[in-house]
Every structure is written in C-alpha cells, then in structure tokens.
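Peer 1: Next up, query.txt (compact mmCIF, N, CA and C atoms).
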```
# COMPACT_ATOMS: atom_id res chain seq x y z
N PRO Q 1 2.20 39.15 -28.65
CA PRO Q 1 2.71 38.47 -27.46
C PRO Q 1 1.64 37.56 -26.87
N ALA Q 2 2.09 36.50 -26.24
CA ALA Q 2 1.18 35.54 -25.60
C ALA Q 2 0.57 36.16 -24.35
N VAL Q 3 -0.66 35.81 -24.11
CA VAL Q 3 -1.37 36.30 -22.92
C VAL Q 3 -1.27 35.22 -21.83
N ALA Q 4 -0.83 35.65 -20.67
CA ALA Q 4 -0.71 34.71 -19.54
C ALA Q 4 -2.09 34.29 -19.08
N PRO Q 5 -2.24 33.05 -18.66
CA PRO Q 5 -3.54 32.60 -18.16
C PRO Q 5 -3.87 33.34 -16.86
N PRO Q 6 -5.15 33.49 -16.55
CA PRO Q 6 -5.50 34.18 -15.30
C PRO Q 6 -4.98 33.42 -14.09
N ALA Q 7 -4.63 34.18 -13.07
CA ALA Q 7 -4.13 33.56 -11.84
C ALA Q 7 -5.27 32.83 -11.14
N GLU Q 8 -4.95 31.71 -10.52
CA GLU Q 8 -5.93 30.97 -9.75
C GLU Q 8 -5.97 31.55 -8.34
N VAL Q 9 -7.16 31.91 -7.90
CA VAL Q 9 -7.33 32.52 -6.59
C VAL Q 9 -8.26 31.64 -5.77
N VAL Q 10 -7.85 31.38 -4.54
CA VAL Q 10 -8.66 30.58 -3.63
C VAL Q 10 -8.85 31.40 -2.35
N LEU Q 11 -10.09 31.54 -1.93
CA LEU Q 11 -10.39 32.26 -0.70
C LEU Q 11 -10.72 31.27 0.41
N THR Q 12 -10.24 31.57 1.61
CA THR Q 12 -10.51 30.74 2.77
C THR Q 12 -11.08 31.62 3.87
N GLU Q 13 -12.26 31.32 4.33
CA GLU Q 13 -12.86 32.10 5.41
C GLU Q 13 -12.14 31.77 6.71
N VAL Q 14 -11.71 32.82 7.43
CA VAL Q 14 -11.01 32.62 8.70
C VAL Q 14 -11.82 33.13 9.88
N ALA Q 15 -12.80 34.00 9.63
CA ALA Q 15 -13.61 34.55 10.72
C ALA Q 15 -14.82 35.27 10.14
N ARG Q 16 -15.79 35.51 11.01
CA ARG Q 16 -16.96 36.32 10.66
C ARG Q 16 -17.11 37.39 11.72
N ALA Q 17 -17.20 38.63 11.27
CA ALA Q 17 -17.39 39.76 12.17
C ALA Q 17 -18.76 40.37 11.92
N GLN Q 18 -19.27 41.07 12.92
CA GLN Q 18 -20.54 41.78 12.80
C GLN Q 18 -20.26 43.20 12.32
N ALA Q 19 -20.53 43.48 11.05
CA ALA Q 19 -20.33 44.81 10.45
C ALA Q 19 -18.92 45.34 10.71
N PRO Q 20 -17.89 44.64 10.24
CA PRO Q 20 -16.53 45.14 10.45
C PRO Q 20 -16.34 46.48 9.76
N SER Q 21 -15.70 47.40 10.46
CA SER Q 21 -15.53 48.75 9.92
C SER Q 21 -14.07 49.14 9.76
N ALA Q 22 -13.16 48.44 10.43
CA ALA Q 22 -11.74 48.79 10.36
C ALA Q 22 -10.91 47.63 10.90
N GLY Q 23 -9.64 47.67 10.60
CA GLY Q 23 -8.72 46.68 11.12
C GLY Q 23 -7.34 47.28 11.27
N ALA Q 24 -6.53 46.69 12.12
CA ALA Q 24 -5.17 47.19 12.33
C ALA Q 24 -4.25 46.02 12.66
N ALA Q 25 -3.04 46.09 12.13
CA ALA Q 25 -2.01 45.13 12.52
C ALA Q 25 -1.59 45.46 13.93
N GLY Q 26 -1.60 44.44 14.80
CA GLY Q 26 -1.29 44.67 16.20
C GLY Q 26 0.00 44.02 16.64
N PRO Q 27 0.26 44.05 17.94
CA PRO Q 27 1.49 43.47 18.48
C PRO Q 27 1.60 41.98 18.16
N ASP Q 28 2.81 41.52 17.97
CA ASP Q 28 3.11 40.10 17.74
C ASP Q 28 2.36 39.52 16.55
N GLY Q 29 2.14 40.34 15.51
CA GLY Q 29 1.51 39.85 14.28
C GLY Q 29 0.02 39.62 14.37
N THR Q 30 -0.63 40.13 15.41
CA THR Q 30 -2.07 39.97 15.54
C THR Q 30 -2.80 40.93 14.61
N VAL Q 31 -4.09 40.67 14.40
CA VAL Q 31 -4.94 41.56 13.62
C VAL Q 31 -6.12 41.92 14.51
N TRP Q 32 -6.36 43.22 14.68
CA TRP Q 32 -7.44 43.72 15.52
C TRP Q 32 -8.54 44.25 14.61
N ILE Q 33 -9.77 43.78 14.83
CA ILE Q 33 -10.91 44.11 13.99
C ILE Q 33 -11.91 44.94 14.78
N ALA Q 34 -12.29 46.10 14.22
CA ALA Q 34 -13.34 46.94 14.82
C ALA Q 34 -14.67 46.58 14.19
N GLU Q 35 -15.68 46.45 15.03
CA GLU Q 35 -17.04 46.24 14.56
C GLU Q 35 -17.82 47.54 14.82
N ARG Q 36 -18.56 47.96 13.82
CA ARG Q 36 -19.19 49.28 13.82
C ARG Q 36 -20.02 49.56 15.08
N ALA Q 37 -20.65 48.55 15.65
CA ALA Q 37 -21.49 48.76 16.83
C ALA Q 37 -20.70 49.09 18.08
N GLY Q 38 -19.34 48.94 18.04
CA GLY Q 38 -18.54 49.40 19.17
C GLY Q 38 -17.62 48.40 19.81
N THR Q 39 -17.40 47.26 19.18
CA THR Q 39 -16.48 46.28 19.78
C THR Q 39 -15.22 46.14 18.94
N VAL Q 40 -14.14 45.74 19.62
CA VAL Q 40 -12.87 45.42 18.98
C VAL Q 40 -12.51 44.00 19.40
N ARG Q 41 -12.20 43.17 18.40
CA ARG Q 41 -11.84 41.78 18.68
C ARG Q 41 -10.56 41.44 17.95
N VAL Q 42 -9.80 40.50 18.51
CA VAL Q 42 -8.51 40.10 17.95
C VAL Q 42 -8.71 38.80 17.17
N LEU Q 43 -8.18 38.77 15.97
CA LEU Q 43 -8.23 37.58 15.13
C LEU Q 43 -7.12 36.64 15.55
N GLY Q 44 -7.50 35.43 15.93
CA GLY Q 44 -6.54 34.41 16.34
C GLY Q 44 -6.68 33.16 15.51
N ASP Q 45 -6.00 32.12 15.89
CA ASP Q 45 -6.06 30.85 15.16
C ASP Q 45 -7.46 30.26 15.12
N ASP Q 46 -8.28 30.59 16.12
CA ASP Q 46 -9.64 30.06 16.18
C ASP Q 46 -10.69 31.08 15.75
N GLY Q 47 -10.29 32.08 14.99
CA GLY Q 47 -11.22 33.12 14.55
C GLY Q 47 -11.15 34.33 15.46
N LEU Q 48 -12.25 35.09 15.50
CA LEU Q 48 -12.29 36.29 16.33
C LEU Q 48 -12.58 35.93 17.77
N GLY Q 49 -11.76 36.46 18.68
CA GLY Q 49 -11.96 36.21 20.10
C GLY Q 49 -13.04 37.11 20.67
N GLU Q 50 -13.23 36.99 21.97
CA GLU Q 50 -14.17 37.85 22.69
C GLU Q 50 -13.68 39.29 22.59
N PRO Q 51 -14.57 40.28 22.71
CA PRO Q 51 -14.14 41.67 22.62
C PRO Q 51 -13.05 42.03 23.64
N VAL Q 52 -12.03 42.72 23.17
CA VAL Q 52 -11.01 43.28 24.06
C VAL Q 52 -11.37 44.71 24.43
N LEU Q 53 -12.35 45.27 23.71
CA LEU Q 53 -12.86 46.61 23.99
C LEU Q 53 -14.32 46.65 23.55
N ASP Q 54 -15.16 47.25 24.39
CA ASP Q 54 -16.58 47.36 24.06
C ASP Q 54 -17.06 48.76 24.44
N ILE Q 55 -17.27 49.60 23.42
CA ILE Q 55 -17.80 50.95 23.66
C ILE Q 55 -19.21 51.07 23.09
N SER Q 56 -19.89 49.96 22.94
CA SER Q 56 -21.21 49.97 22.31
C SER Q 56 -22.21 50.86 23.04
N ALA Q 57 -22.06 51.07 24.33
CA ALA Q 57 -22.96 51.96 25.06
C ALA Q 57 -22.61 53.43 24.85
N GLU Q 58 -21.48 53.70 24.18
CA GLU Q 58 -21.01 55.07 23.99
C GLU Q 58 -21.11 55.55 22.55
N THR Q 59 -21.60 54.71 21.64
CA THR Q 59 -21.68 55.09 20.24
C THR Q 59 -23.03 54.68 19.67
N THR Q 60 -23.32 55.15 18.48
CA THR Q 60 -24.56 54.81 17.81
C THR Q 60 -24.25 54.46 16.37
N ILE Q 61 -25.06 53.60 15.78
CA ILE Q 61 -24.84 53.26 14.37
C ILE Q 61 -25.87 53.95 13.48
N ASP Q 62 -26.52 55.00 14.02
CA ASP Q 62 -27.44 55.79 13.21
C ASP Q 62 -26.67 56.42 12.05
N GLY Q 63 -27.28 56.44 10.89
CA GLY Q 63 -26.63 57.05 9.73
C GLY Q 63 -25.34 56.34 9.41
N GLU Q 64 -24.29 57.10 9.32
CA GLU Q 64 -22.96 56.56 8.99
C GLU Q 64 -22.03 56.72 10.19
N ARG Q 65 -22.55 56.41 11.35
CA ARG Q 65 -21.81 56.58 12.60
C ARG Q 65 -21.43 55.24 13.19
N GLY Q 66 -20.66 55.27 14.28
CA GLY Q 66 -20.25 54.07 14.99
C GLY Q 66 -18.76 54.09 15.26
N LEU Q 67 -18.21 52.92 15.57
CA LEU Q 67 -16.76 52.74 15.71
C LEU Q 67 -16.21 52.60 14.30
N LEU Q 68 -15.45 53.58 13.85
CA LEU Q 68 -15.09 53.68 12.44
C LEU Q 68 -13.61 53.48 12.13
N GLY Q 69 -12.75 53.51 13.14
CA GLY Q 69 -11.33 53.35 12.86
C GLY Q 69 -10.55 52.90 14.08
N VAL Q 70 -9.47 52.16 13.84
CA VAL Q 70 -8.56 51.73 14.89
C VAL Q 70 -7.13 51.79 14.35
N ALA Q 71 -6.18 52.08 15.22
CA ALA Q 71 -4.78 52.14 14.80
C ALA Q 71 -3.87 51.97 16.02
N PHE Q 72 -2.73 51.36 15.78
CA PHE Q 72 -1.65 51.30 16.77
C PHE Q 72 -0.57 52.28 16.35
N ASP Q 73 0.11 52.88 17.35
CA ASP Q 73 1.27 53.68 16.99
C ASP Q 73 2.38 52.73 16.53
N PRO Q 74 3.42 53.24 15.88
CA PRO Q 74 4.45 52.36 15.31
C PRO Q 74 5.15 51.44 16.31
N GLU Q 75 5.18 51.82 17.59
CA GLU Q 75 5.85 50.99 18.61
C GLU Q 75 4.87 50.07 19.33
N PHE Q 76 3.59 50.09 18.97
CA PHE Q 76 2.54 49.32 19.64
C PHE Q 76 2.43 49.67 21.12
N ALA Q 77 2.76 50.91 21.46
CA ALA Q 77 2.65 51.37 22.85
C ALA Q 77 1.29 51.99 23.14
N HIS Q 78 0.59 52.42 22.07
CA HIS Q 78 -0.73 53.03 22.22
C HIS Q 78 -1.67 52.54 21.12
N PHE Q 79 -2.94 52.44 21.48
CA PHE Q 79 -4.00 52.02 20.57
C PHE Q 79 -5.01 53.16 20.50
N TYR Q 80 -5.44 53.48 19.30
CA TYR Q 80 -6.36 54.60 19.08
C TYR Q 80 -7.65 54.09 18.46
N ILE Q 81 -8.76 54.69 18.89
CA ILE Q 81 -10.05 54.39 18.28
C ILE Q 81 -10.67 55.69 17.78
N SER Q 82 -11.41 55.58 16.69
CA SER Q 82 -12.13 56.70 16.12
C SER Q 82 -13.60 56.31 16.06
N TYR Q 83 -14.45 57.08 16.71
CA TYR Q 83 -15.87 56.74 16.76
C TYR Q 83 -16.69 58.01 16.88
N THR Q 84 -17.99 57.87 16.63
CA THR Q 84 -18.91 58.96 16.88
C THR Q 84 -19.62 58.67 18.20
N ASP Q 85 -19.67 59.66 19.08
CA ASP Q 85 -20.31 59.44 20.37
C ASP Q 85 -21.84 59.51 20.20
N LEU Q 86 -22.57 59.40 21.27
CA LEU Q 86 -24.02 59.35 21.22
C LEU Q 86 -24.64 60.63 20.67
N GLU Q 87 -23.93 61.74 20.76
CA GLU Q 87 -24.41 63.01 20.20
C GLU Q 87 -23.97 63.19 18.75
N GLY Q 88 -23.16 62.25 18.24
CA GLY Q 88 -22.69 62.35 16.86
C GLY Q 88 -21.35 63.05 16.70
N THR Q 89 -20.68 63.35 17.78
CA THR Q 89 -19.38 64.01 17.72
C THR Q 89 -18.29 62.98 17.41
N SER Q 90 -17.49 63.26 16.40
CA SER Q 90 -16.36 62.39 16.08
C SER Q 90 -15.33 62.51 17.20
N THR Q 91 -14.83 61.37 17.66
CA THR Q 91 -13.96 61.33 18.83
C THR Q 91 -12.79 60.39 18.58
N ILE Q 92 -11.59 60.81 18.97
CA ILE Q 92 -10.40 59.97 18.93
C ILE Q 92 -9.96 59.75 20.37
N ASP Q 93 -9.91 58.49 20.80
CA ASP Q 93 -9.44 58.13 22.14
C ASP Q 93 -8.18 57.28 22.04
N GLU Q 94 -7.35 57.38 23.06
CA GLU Q 94 -6.08 56.66 23.12
C GLU Q 94 -6.06 55.77 24.35
N PHE Q 95 -5.47 54.58 24.19
CA PHE Q 95 -5.25 53.65 25.30
C PHE Q 95 -3.78 53.25 25.30
N ALA Q 96 -3.20 53.12 26.46
CA ALA Q 96 -1.86 52.55 26.55
C ALA Q 96 -1.97 51.04 26.32
N VAL Q 97 -0.89 50.47 25.80
CA VAL Q 97 -0.81 49.03 25.56
C VAL Q 97 0.42 48.51 26.28
N ARG Q 98 0.24 47.42 27.01
CA ARG Q 98 1.38 46.79 27.69
C ARG Q 98 1.31 45.29 27.44
N ASP Q 99 2.40 44.72 26.98
CA ASP Q 99 2.47 43.29 26.70
C ASP Q 99 1.34 42.83 25.78
N GLY Q 100 1.01 43.68 24.79
CA GLY Q 100 -0.02 43.34 23.81
C GLY Q 100 -1.44 43.45 24.31
N GLN Q 101 -1.63 44.01 25.52
CA GLN Q 101 -2.97 44.14 26.11
C GLN Q 101 -3.33 45.60 26.30
N LEU Q 102 -4.60 45.94 26.03
CA LEU Q 102 -5.08 47.29 26.29
C LEU Q 102 -5.14 47.54 27.79
N ARG Q 103 -4.85 48.75 28.16
CA ARG Q 103 -4.97 49.16 29.57
C ARG Q 103 -6.12 50.17 29.64
N PRO Q 104 -7.36 49.71 29.86
CA PRO Q 104 -8.54 50.58 29.81
C PRO Q 104 -8.47 51.78 30.74
N GLU Q 105 -7.80 51.64 31.87
CA GLU Q 105 -7.72 52.75 32.84
C GLU Q 105 -6.91 53.93 32.33
N THR Q 106 -6.18 53.74 31.23
CA THR Q 106 -5.36 54.83 30.67
C THR Q 106 -6.09 55.60 29.58
N ARG Q 107 -7.33 55.26 29.32
CA ARG Q 107 -8.09 55.90 28.22
C ARG Q 107 -8.15 57.41 28.39
N ARG Q 108 -7.88 58.09 27.29
CA ARG Q 108 -8.02 59.54 27.28
C ARG Q 108 -8.49 59.99 25.90
N THR Q 109 -9.27 61.05 25.87
CA THR Q 109 -9.74 61.62 24.61
C THR Q 109 -8.66 62.55 24.08
N VAL Q 110 -8.30 62.34 22.82
CA VAL Q 110 -7.24 63.11 22.17
C VAL Q 110 -7.82 64.26 21.36
N LEU Q 111 -8.97 64.02 20.70
CA LEU Q 111 -9.53 65.03 19.80
C LEU Q 111 -11.02 64.77 19.61
N THR Q 112 -11.80 65.84 19.52
CA THR Q 112 -13.21 65.72 19.16
C THR Q 112 -13.52 66.72 18.06
N GLN Q 113 -14.52 66.38 17.24
CA GLN Q 113 -14.97 67.27 16.17
C GLN Q 113 -16.47 67.08 16.02
N GLU Q 114 -17.23 68.16 16.23
CA GLU Q 114 -18.68 68.07 16.06
C GLU Q 114 -19.00 67.78 14.59
N GLN Q 115 -20.04 66.97 14.39
CA GLN Q 115 -20.52 66.64 13.05
C GLN Q 115 -21.95 67.17 12.92
N PRO Q 116 -22.25 67.94 11.89
CA PRO Q 116 -23.58 68.54 11.79
C PRO Q 116 -24.69 67.57 11.39
N TYR Q 117 -24.35 66.47 10.74
CA TYR Q 117 -25.35 65.51 10.27
C TYR Q 117 -24.84 64.09 10.50
N ALA Q 118 -25.75 63.11 10.37
CA ALA Q 118 -25.41 61.71 10.63
C ALA Q 118 -24.80 61.02 9.41
N ASN Q 119 -24.73 61.72 8.28
CA ASN Q 119 -24.12 61.09 7.10
C ASN Q 119 -22.76 61.71 6.82
N HIS Q 120 -21.97 61.02 6.02
CA HIS Q 120 -20.62 61.44 5.64
C HIS Q 120 -19.71 61.60 6.85
N ASN Q 121 -19.93 60.79 7.88
CA ASN Q 121 -19.04 60.79 9.04
C ASN Q 121 -17.93 59.78 8.78
N GLY Q 122 -16.77 60.28 8.41
CA GLY Q 122 -15.62 59.40 8.23
C GLY Q 122 -15.02 59.06 9.58
N GLY Q 123 -14.02 58.20 9.58
CA GLY Q 123 -13.40 57.86 10.85
C GLY Q 123 -12.14 57.04 10.71
N ASP Q 124 -11.63 56.92 9.48
CA ASP Q 124 -10.42 56.13 9.29
C ASP Q 124 -9.25 56.84 9.95
N ILE Q 125 -8.40 56.09 10.61
CA ILE Q 125 -7.19 56.64 11.23
C ILE Q 125 -6.03 55.72 10.90
N ARG Q 126 -4.86 56.31 10.63
CA ARG Q 126 -3.66 55.56 10.28
C ARG Q 126 -2.42 56.39 10.65
N PHE Q 127 -1.38 55.68 11.04
CA PHE Q 127 -0.09 56.34 11.22
C PHE Q 127 0.64 56.32 9.90
N GLY Q 128 1.17 57.47 9.52
CA GLY Q 128 1.94 57.58 8.28
C GLY Q 128 3.39 57.21 8.52
N PRO Q 129 4.16 57.12 7.44
CA PRO Q 129 5.58 56.80 7.57
C PRO Q 129 6.37 57.85 8.34
N ASP Q 130 5.78 59.03 8.50
CA ASP Q 130 6.42 60.11 9.26
C ASP Q 130 6.14 59.99 10.76
N GLY Q 131 5.34 58.99 11.17
CA GLY Q 131 5.03 58.79 12.58
C GLY Q 131 3.84 59.58 13.08
N TYR Q 132 3.21 60.39 12.22
CA TYR Q 132 2.05 61.17 12.62
C TYR Q 132 0.77 60.37 12.42
N LEU Q 133 -0.23 60.64 13.29
CA LEU Q 133 -1.54 60.02 13.17
C LEU Q 133 -2.38 60.86 12.22
N TYR Q 134 -2.89 60.23 11.17
CA TYR Q 134 -3.74 60.89 10.20
C TYR Q 134 -5.19 60.48 10.45
N ILE Q 135 -6.09 61.47 10.41
CA ILE Q 135 -7.49 61.27 10.76
C ILE Q 135 -8.37 61.77 9.62
N ALA Q 136 -9.32 60.93 9.20
CA ALA Q 136 -10.27 61.31 8.16
C ALA Q 136 -11.66 61.37 8.77
N PHE Q 137 -12.18 62.56 9.01
CA PHE Q 137 -13.49 62.71 9.65
C PHE Q 137 -14.65 62.79 8.66
N GLY Q 138 -14.38 62.92 7.37
CA GLY Q 138 -15.47 63.12 6.41
C GLY Q 138 -15.93 64.56 6.45
N ASP Q 139 -16.97 64.87 5.66
CA ASP Q 139 -17.43 66.25 5.61
C ASP Q 139 -18.66 66.51 6.48
N GLY Q 140 -19.07 65.51 7.25
CA GLY Q 140 -20.16 65.70 8.21
C GLY Q 140 -21.52 65.95 7.58
N GLY Q 141 -21.72 65.55 6.37
CA GLY Q 141 -23.03 65.70 5.74
C GLY Q 141 -23.04 66.76 4.70
```
If you convert what's in this file into structure tokens, what do you get?
Peer 2:
Amino acid sequence: PAVAPPAEVVLTEVARAQAPSAGAAGPDGTVWIAERAGTVRVLGDDGLGEPVLDISAETTIDGERGLLGVAFDPEFAHFYISYTDLEGTSTIDEFAVRDGQLRPETRRTVLTQEQPYANHNGGDIRFGPDGYLYIAFGDGG
C-alpha cells in the first residue's frame, strides 16, 4: 500500500507564560493559564492578560511545588486551584465565579494534604464526566 505523505504542521505563538503549570477551558471559550509561581492569567486575543488571581505570597516553587492545577466545574460556577502552601501542604481552594469573573471574597479551602517532602508533589485537578473533581497529589516524595 502507498504511504501517505507526512502532514504539514505549522505552529503559531499566541502567548508566553512564566513557567506555565496548568490550563483550563473557562467561561465563554476562554483559556485560563496557571503559572507555577502563583498567578492565573486569561488568554485573550492580545495574549495573556494581567493576573486574575495572584497567590504568589502563599506558595513556594521549592522542589516540585507551586500552583500546580486549575479547573472549572462543568457549569463554570466555581473555579478551583491546587497548590502547595508555604509549609508544603497540598491545598485545594474554591472560588465562586459570576459573569466569567472570580469572586475572591468567596474563597474557601476544600481539602488539604500534608506532603512529607518537596519532590513528587502532584497537583493536577480535573472534573470527570461524572461531575466529580479528581485530584492528583503525587506521592509526596
């Protein structure tokens, strides 16, 4: 049989982030990018905007730590972040979302898990097709 020629692929740079660690599809087709040092920015037509969330004073990038995951619930009513706090504890926080905007005053901690070491700290979070939030903390070293 004939072999098809390789597909032509063209890449176009749309933005530059500082150590991007996670991303999530957001309200109205937006893309939200987490940067490991603790900021979340929205990708728009002009690239990444100013941070919509900054927890850089609450996290550390020592070892394999930092802001490691972001997710919206299926209705875009809540936004979740997964990060290691200054003591290295894995933390999941929730924010209400209204009209595509975070409501910082609604922040609450949903779950914490102590990590014994600074390596192997996972933090990916995703909603499954069953509507549950799945959390990957890693093995903590």
Peer 1: Using only C-alpha atoms, determine which residues lie at most 8 Å from Val42 of chain Q, disregarding the query and same-chain residues fewer than 6 positions distant; provide the list as an NGL selection string.
Peer 2: :Q and (30-33 or 48-52)
Peer 1: Report the residues of segment 3-141 of chain Q whose backbone DSSP state falls under strand (DSSP E), written as a PyMOL selection string.
Peer 2: chain Q and resi 20-25+31-35+39-44+47-48+53-54+67-72+78-84+90-98+101-113+124-127+133-136
Peer 1: Running DSSP on the backbone, which parts of chain Q land in helix (DSSP H, G or I), as number ranges by chain?
Peer 2: Q: 27-29, 56-58
Peer 1: With N, CA and C atoms retained, export the selected residues as a PDB file, in the frame of the given file.
Peer 2:
```pdb
ATOM      1  N   PRO Q  27       0.260  44.050  17.940  1.00  0.00           N
ATOM      2  CA  PRO Q  27       1.490  43.470  18.480  1.00  0.00           C
ATOM      3  C   PRO Q  27       1.600  41.980  18.160  1.00  0.00           C
ATOM      4  N   ASP Q  28       2.810  41.520  17.970  1.00  0.00           N
ATOM      5  CA  ASP Q  28       3.110  40.100  17.740  1.00  0.00           C
ATOM      6  C   ASP Q  28       2.360  39.520  16.550  1.00  0.00           C
ATOM      7  N   GLY Q  29       2.140  40.340  15.510  1.00  0.00           N
ATOM      8  CA  GLY Q  29       1.510  39.850  14.280  1.00  0.00           C
ATOM      9  C   GLY Q  29       0.020  39.620  14.370  1.00  0.00           C
ATOM     10  N   SER Q  56     -19.890  49.960  22.940  1.00  0.00           N
ATOM     11  CA  SER Q  56     -21.210  49.970  22.310  1.00  0.00           C
ATOM     12  C   SER Q  56     -22.210  50.860  23.040  1.00  0.00           C
ATOM     13  N   ALA Q  57     -22.060  51.070  24.330  1.00  0.00           N
ATOM     14  CA  ALA Q  57     -22.960  51.960  25.060  1.00  0.00           C
ATOM     15  C   ALA Q  57     -22.610  53.430  24.850  1.00  0.00           C
ATOM     16  N   GLU Q  58     -21.480  53.700  24.180  1.00  0.00           N
ATOM     17  CA  GLU Q  58     -21.010  55.070  23.990  1.00  0.00           C
ATOM     18  C   GLU Q  58     -21.110  55.550  22.550  1.00  0.00           C
TER      19      GLU Q  58
END
```
Peer 1: What is the distance, in Å and to one decimal place, between atom C of Pro129 of chain Q and atom N of Phe72 of chain Q?
Peer 2: 13.4 Å
Peer 1: Near Phe95 of chain Q, counting only C-alpha atoms, which residues have an atom at most 12 Å away, once you skip same-chain residues fewer than 6 positions from it, shown as a CSV table (one decimal) with N, CA and C atoms, in the coordinates of the input?
Peer 2:
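Result written to around16.csv:
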```csv
chain,number,residue,atom,x,y,z
Q,52,VAL,N,-12.0,42.7,23.2
Q,52,VAL,CA,-11.0,43.3,24.1
Q,52,VAL,C,-11.4,44.7,24.4
Q,53,LEU,N,-12.4,45.3,23.7
Q,53,LEU,CA,-12.9,46.6,24.0
Q,53,LEU,C,-14.3,46.6,23.6
Q,70,VAL,N,-9.5,52.2,13.8
Q,70,VAL,CA,-8.6,51.7,14.9
Q,70,VAL,C,-7.1,51.8,14.4
Q,71,ALA,N,-6.2,52.1,15.2
Q,71,ALA,CA,-4.8,52.1,14.8
Q,71,ALA,C,-3.9,52.0,16.0
Q,72,PHE,N,-2.7,51.4,15.8
Q,72,PHE,CA,-1.6,51.3,16.8
Q,72,PHE,C,-0.6,52.3,16.4
Q,73,ASP,N,0.1,52.9,17.4
Q,73,ASP,CA,1.3,53.7,17.0
Q,73,ASP,C,2.4,52.7,16.5
Q,76,PHE,N,3.6,50.1,19.0
Q,76,PHE,CA,2.5,49.3,19.6
Q,76,PHE,C,2.4,49.7,21.1
Q,77,ALA,N,2.8,50.9,21.5
Q,77,ALA,CA,2.6,51.4,22.8
Q,77,ALA,C,1.3,52.0,23.1
Q,78,HIS,N,0.6,52.4,22.1
Q,78,HIS,CA,-0.7,53.0,22.2
Q,78,HIS,C,-1.7,52.5,21.1
Q,79,PHE,N,-2.9,52.4,21.5
Q,79,PHE,CA,-4.0,52.0,20.6
Q,79,PHE,C,-5.0,53.2,20.5
Q,80,TYR,N,-5.4,53.5,19.3
Q,80,TYR,CA,-6.4,54.6,19.1
Q,80,TYR,C,-7.6,54.1,18.5
Q,81,ILE,N,-8.8,54.7,18.9
Q,81,ILE,CA,-10.0,54.4,18.3
Q,81,ILE,C,-10.7,55.7,17.8
Q,82,SER,N,-11.4,55.6,16.7
Q,82,SER,CA,-12.1,56.7,16.1
Q,82,SER,C,-13.6,56.3,16.1
Q,101,GLN,N,-1.6,44.0,25.5
Q,101,GLN,CA,-3.0,44.1,26.1
Q,101,GLN,C,-3.3,45.6,26.3
Q,102,LEU,N,-4.6,45.9,26.0
Q,102,LEU,CA,-5.1,47.3,26.3
Q,102,LEU,C,-5.1,47.5,27.8
Q,103,ARG,N,-4.8,48.8,28.2
Q,103,ARG,CA,-5.0,49.2,29.6
Q,103,ARG,C,-6.1,50.2,29.6
Q,104,PRO,N,-7.4,49.7,29.9
Q,104,PRO,CA,-8.5,50.6,29.8
Q,104,PRO,C,-8.5,51.8,30.7
Q,105,GLU,N,-7.8,51.6,31.9
Q,105,GLU,CA,-7.7,52.8,32.8
Q,105,GLU,C,-6.9,53.9,32.3
Q,106,THR,N,-6.2,53.7,31.2
Q,106,THR,CA,-5.4,54.8,30.7
Q,106,THR,C,-6.1,55.6,29.6
Q,107,ARG,N,-7.3,55.3,29.3
Q,107,ARG,CA,-8.1,55.9,28.2
Q,107,ARG,C,-8.2,57.4,28.4
Q,108,ARG,N,-7.9,58.1,27.3
Q,108,ARG,CA,-8.0,59.5,27.3
Q,108,ARG,C,-8.5,60.0,25.9
Q,109,THR,N,-9.3,61.0,25.9
Q,109,THR,CA,-9.7,61.6,24.6
Q,109,THR,C,-8.7,62.6,24.1
Q,110,VAL,N,-8.3,62.3,22.8
Q,110,VAL,CA,-7.2,63.1,22.2
Q,110,VAL,C,-7.8,64.3,21.4
```
Peer 1: By how many Å are atom N of Asp99 of chain Q and atom CA of Val40 of chain Q apart?
Peer 2: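 Value for the atom N of Asp99 of chain Q-atom CA of Val40 of chain Q distance: 17.3 Å.
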Peer 1: Work out how far apart atom CA of Ala15 of chain Q and atom CA of Leu68 of chain Q are and give it in Å to one decimal.
Peer 2: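 Atom CA of Ala15 of chain Q sits 19.3 Å away from atom CA of Leu68 of chain Q.
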Peer 1: My list of candidates is Q:His120, Q:Gln113, Q:Thr59, Q:Phe127. Which is closest to Ile92 of chain Q when distances are computed with all atoms listed in the file?
Peer 2: Q:Gln113
Peer 1: Here is a test: counting all atoms listed in the file, which residue of Q:Asp124, Q:Ala17, Q:Val10, Q:Pro27 is nearest to Glu75 of chain Q?
Peer 2: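 Counting all atoms listed in the file, the residue closest to Glu75 of chain Q is Q:Pro27.
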Peer 1: I'd like the neighbourhood of Gly138 of chain Q as a PyMOL selection string, where a residue qualifies if any of its atoms comes within 6 Å (using all atoms listed in the file), though same-chain residues fewer than 5 positions away should be ignored.
Peer 2: chain Q and resi 120-123
Peer 1: Set the distance at 7 Å and use only N, CA and C atoms: which residues neighbour Pro20 of chain Q once local chain neighbours fewer than 6 positions away are removed? I'd like the list as a short mmCIF file (atom, residue, chain, number, x, y, z; two decimals) with N, CA and C atoms, in the coordinates of the input.
Peer 2:
```cif
data_model
loop_
_atom_site.label_atom_id
_atom_site.label_comp_id
_atom_site.auth_asym_id
_atom_site.auth_seq_id
_atom_site.Cartn_x
_atom_site.Cartn_y
_atom_site.Cartn_z
N ILE Q 33 -9.77 43.78 14.83
CA ILE Q 33 -10.91 44.11 13.99
C ILE Q 33 -11.91 44.94 14.78
N ALA Q 34 -12.29 46.10 14.22
CA ALA Q 34 -13.34 46.94 14.82
C ALA Q 34 -14.67 46.58 14.19
N GLU Q 35 -15.68 46.45 15.03
CA GLU Q 35 -17.04 46.24 14.56
C GLU Q 35 -17.82 47.54 14.82
N ARG Q 36 -18.56 47.96 13.82
CA ARG Q 36 -19.19 49.28 13.82
C ARG Q 36 -20.02 49.56 15.08
#
```
Peer 1: For Gly128 of chain Q, list every protein, DNA or RNA residue within 10 Å, evaluated using only C-alpha atoms, and leave out those in the same chain fewer than 4 positions away; present the list as a PyMOL selection string.
Peer 2: chain Q and resi 73-74+132-134
